[in-house]
Amino acid sequence: FDLIVGIWMPTIICAIGMLGNAISLVVLSKEHFGTQHVNRGNLLSLKALTACDFCMLLTALIQQVIPMACSYSNSKSSVCLVTMGYVKLYFWPLVNALRMCSVWLTVFVSAERYSTFFNCWRPPIKLGITLVCAFCICFNIPQFFEYTLVLKNGTDGSVRVSVEDSTLRHDVVYMTVYNMVLHCIFIYVLPLCSLLYFNIKIFHHIHSAWKRWNHLSHRQKREFKATYIPLCIVIVFLICATHPLIVYILDALYVENYPVWLVNYTGIANLLLI
């Protein structure tokens with residue numbers, strides 16, 4: 001289970017995802033692309049989303065695979081013994097920040113498309129992307145203080161850097177409010193409701209446009225066809241984001257005694273997260 005779900009599958013998925021995002025970023029960076037397929041504002045937000053997804057997959061690969069590979073192989077090398085603790089401490093909050101940023105940038109892209117279809121107020125693109133990234137980073141800062149680094153001496157004279165729960169993780173108020181309530185609101189409920197609202201409104205607009213399909217321009221037809229992609233994203237988000245949310249809630253409930261089944265379920269949730 002650890003070898004397949006914890007190492008091989010994340011490695012393959014992350015590699016394919018990073019390759020796809022790298023190709024998408026190159027295509028979106030072509031000067032002629034923005035004038036032929038999408039306006040400049042949408043182009044910038046799509047590039048930001050693609051870059052964020054690439055970084056998230058890269059950090060998830062490091063955070064997931066390196067500690068699992070070291071643990072599975074029971075390696076005694078100094079690299080594994082030292083880096084495992086630092087990776088667990090610093091990369092997990094970074095992965096969560098990038099994941100949250102990716103989710104809200106997806107919402108931002110949907111909001112842009114909504115404003116395009118209905119000719120309403122459009123948010124400033126650069127300012128919006130900056131605010132989204134800043135909020136996601138600030139929201140996940142407390143996770144850097146949930147664990148502490150501990151140096152342990154082995155019987156063979158080796159030194160291992162491991163992580164242990166800090167007093168913050170044993171604070172019932174913090175775990176309930178932050179890990180359960182705030183994560184549920186800002187990483188699941190609000191993004192999902194926003195995506196549903198924007199894309200359902202767009203879908204209804206498209207449905208009414210089918211009646212006058214033959215009178216639409218080629219560009220309008222292309223815009224309508226491209227709108228089905230965000231609808232698929234909503235479905236994928238609903239399936240894949242539900243399980244990490246459940247893990248956050250269970251993590252807050254079982255902080256004192258982490259059962260084996262929850263460890264395995266967390267591995268599956270992390271795979272869906274990627």
# chains A, B, ... in the order shown; residues from 1 in each chain; ligands from 1

call {"tool": "residues_around", "arguments": {"residues": "Val65 (chain A)", "least_positions_apart": "3", "cutoff": "10 Å", "atoms": "only C-alpha atoms", "output": "MDAnalysis selection string"}}
result
chainID A and resid 3 5:11 59:62 68:71

call {"tool": "write_last_selection", "arguments": {"atoms": "all heavy atoms", "output": "tab-separated table (two decimals), in the first residue's frame"}}
result
chain	number	residue	atom	x	y	z
A	3	LEU	N	3.96	1.57	-0.93
A	3	LEU	CA	4.74	1.67	-2.15
A	3	LEU	C	3.90	2.19	-3.32
A	3	LEU	O	4.34	3.06	-4.08
A	3	LEU	CB	5.33	0.30	-2.50
A	3	LEU	CG	6.22	0.25	-3.76
A	3	LEU	CD1	7.44	1.13	-3.58
A	3	LEU	CD2	6.63	-1.19	-4.07
A	5	VAL	N	0.46	3.60	-3.24
A	5	VAL	CA	-0.29	4.83	-2.99
A	5	VAL	C	0.61	5.96	-2.51
A	5	VAL	O	0.35	7.13	-2.79
A	5	VAL	CB	-1.43	4.57	-1.97
A	5	VAL	CG1	-2.18	5.85	-1.64
A	5	VAL	CG2	-2.38	3.52	-2.50
A	6	GLY	N	1.67	5.60	-1.78
A	6	GLY	CA	2.51	6.63	-1.19
A	6	GLY	C	3.68	7.08	-2.05
A	6	GLY	O	4.19	8.19	-1.87
A	7	ILE	N	4.11	6.22	-2.99
A	7	ILE	CA	5.32	6.56	-3.76
A	7	ILE	C	5.06	6.56	-5.26
A	7	ILE	O	5.20	7.60	-5.92
A	7	ILE	CB	6.47	5.58	-3.42
A	7	ILE	CG1	6.82	5.66	-1.93
A	7	ILE	CG2	7.70	5.89	-4.26
A	7	ILE	CD1	7.88	4.67	-1.48
A	8	TRP	N	4.67	5.39	-5.81
A	8	TRP	CA	4.60	5.28	-7.26
A	8	TRP	C	3.50	6.13	-7.88
A	8	TRP	O	3.75	6.88	-8.83
A	8	TRP	CB	4.42	3.80	-7.67
A	8	TRP	CG	5.67	3.00	-7.50
A	8	TRP	CD1	5.89	1.98	-6.62
A	8	TRP	CD2	6.90	3.16	-8.22
A	8	TRP	NE1	7.16	1.49	-6.73
A	8	TRP	CE2	7.81	2.19	-7.72
A	8	TRP	CE3	7.32	4.02	-9.23
A	8	TRP	CZ2	9.10	2.08	-8.20
A	8	TRP	CZ3	8.61	3.90	-9.71
A	8	TRP	CH2	9.48	2.94	-9.20
A	9	MET	N	2.30	6.02	-7.37
A	9	MET	CA	1.18	6.77	-7.97
A	9	MET	C	1.35	8.28	-7.84
A	9	MET	O	1.13	9.01	-8.82
A	9	MET	CB	-0.15	6.30	-7.36
A	9	MET	CG	-0.54	4.88	-7.76
A	9	MET	SD	-2.16	4.40	-7.15
A	9	MET	CE	-3.23	5.45	-8.14
A	10	PRO	N	1.75	8.82	-6.66
A	10	PRO	CA	2.00	10.27	-6.60
A	10	PRO	C	3.10	10.73	-7.54
A	10	PRO	O	3.00	11.80	-8.14
A	10	PRO	CB	2.38	10.50	-5.13
A	10	PRO	CG	1.77	9.38	-4.39
A	10	PRO	CD	1.85	8.21	-5.32
A	11	THR	N	4.15	9.90	-7.68
A	11	THR	CA	5.25	10.27	-8.57
A	11	THR	C	4.78	10.35	-10.02
A	11	THR	O	5.08	11.31	-10.73
A	11	THR	CB	6.40	9.25	-8.45
A	11	THR	OG1	6.85	9.19	-7.10
A	11	THR	CG2	7.55	9.64	-9.35
A	59	THR	N	5.89	20.67	-5.08
A	59	THR	CA	6.04	20.61	-3.62
A	59	THR	C	5.35	19.38	-3.05
A	59	THR	O	5.83	18.77	-2.09
A	59	THR	CB	5.46	21.87	-2.96
A	59	THR	OG1	4.12	22.07	-3.41
A	59	THR	CG2	6.30	23.09	-3.29
A	60	ALA	N	4.20	18.98	-3.64
A	60	ALA	CA	3.51	17.77	-3.19
A	60	ALA	C	4.35	16.53	-3.45
A	60	ALA	O	4.38	15.60	-2.64
A	60	ALA	CB	2.15	17.64	-3.88
A	61	LEU	N	5.05	16.53	-4.57
A	61	LEU	CA	5.94	15.41	-4.89
A	61	LEU	C	7.05	15.29	-3.86
A	61	LEU	O	7.36	14.19	-3.37
A	61	LEU	CB	6.53	15.60	-6.29
A	61	LEU	CG	7.51	14.53	-6.78
A	61	LEU	CD1	6.80	13.20	-6.94
A	61	LEU	CD2	8.13	14.95	-8.11
A	62	ILE	N	7.65	16.42	-3.51
A	62	ILE	CA	8.72	16.42	-2.51
A	62	ILE	C	8.17	16.03	-1.13
A	62	ILE	O	8.75	15.18	-0.44
A	62	ILE	CB	9.40	17.80	-2.44
A	62	ILE	CG1	10.06	18.13	-3.79
A	62	ILE	CG2	10.42	17.85	-1.32
A	62	ILE	CD1	10.59	19.54	-3.87
A	68	MET	N	8.18	9.19	2.35
A	68	MET	CA	7.67	7.83	2.18
A	68	MET	C	8.74	6.90	1.65
A	68	MET	O	8.85	5.75	2.08
A	68	MET	CB	6.46	7.85	1.23
A	68	MET	CG	5.19	8.44	1.84
A	68	MET	SD	4.55	7.44	3.22
A	68	MET	CE	4.14	5.93	2.38
A	69	ALA	N	9.55	7.39	0.72
A	69	ALA	CA	10.62	6.56	0.16
A	69	ALA	C	11.67	6.24	1.21
A	69	ALA	O	12.16	5.11	1.30
A	69	ALA	CB	11.26	7.27	-1.04
A	70	CYS	N	12.00	7.22	2.03
A	70	CYS	CA	12.97	6.99	3.09
A	70	CYS	C	12.43	6.01	4.14
A	70	CYS	O	13.15	5.12	4.62
A	70	CYS	CB	13.35	8.31	3.77
A	70	CYS	SG	14.30	9.43	2.72
A	71	SER	N	11.16	6.17	4.49
A	71	SER	CA	10.56	5.28	5.48
A	71	SER	C	10.41	3.87	4.94
A	71	SER	O	10.66	2.89	5.64
A	71	SER	CB	9.19	5.82	5.92
A	71	SER	OG	9.31	7.08	6.53

call {"tool": "closest_residue", "arguments": {"among": "A:Thr176, A:Ser166, A:Val95, A:Leu43", "to": "Ser29 (chain A)", "atoms": "only C-alpha atoms"}}
result
A:Leu43

call {"tool": "closest_residue", "arguments": {"among": "A:Phe186, A:Phe91, A:Tyr178, A:Phe144", "to": "Trp104 (chain A)", "atoms": "only C-alpha atoms"}}
result
A:Phe186

call {"tool": "select_by_dssp", "arguments": {"residues": "region 35-196 of chain A", "states": "strand (DSSP E)", "output": "MDAnalysis selection string"}}
result
chainID A and resid 147:153 159:165

call {"tool": "select_by_dssp", "arguments": {"residues": "region 114-149 of chain A", "states": "helix (DSSP H, G or I)", "output": "ChimeraX atom specification"}}
result
/A:114-118,125-145

call {"tool": "atom_distance", "arguments": {"atom1": "CA of Thr148 (chain A)", "atom2": "CA of Asp165 (chain A)"}}
result
6.4 Å

call {"tool": "atom_distance", "arguments": {"atom1": "CA of Ile125 (chain A)", "atom2": "CA of Trp92 (chain A)"}}
result
28.4 Å

call {"tool": "atom_distance", "arguments": {"atom1": "CA of Val103 (chain A)", "atom2": "CA of Ala269 (chain A)"}}
result
16.1 Å

call {"tool": "closest_residue", "arguments": {"among": "A:Ala48, A:Pro191, A:His205, A:Ser162", "to": "Thr83 (chain A)", "atoms": "only C-alpha atoms"}}
result
A:Ser162

call {"tool": "residues_around", "arguments": {"residues": "Asn42 (chain A)", "least_positions_apart": "5", "cutoff": "9 Å", "atoms": "only C-alpha atoms", "output": "MDAnalysis selection string"}}
result
chainID A and resid 34 47 109 112:113 125

call {"tool": "residues_around", "arguments": {"residues": "Ile129 (chain A)", "least_positions_apart": "3", "cutoff": "12 Å", "atoms": "only C-alpha atoms", "output": "count of residues only"}}
result
27
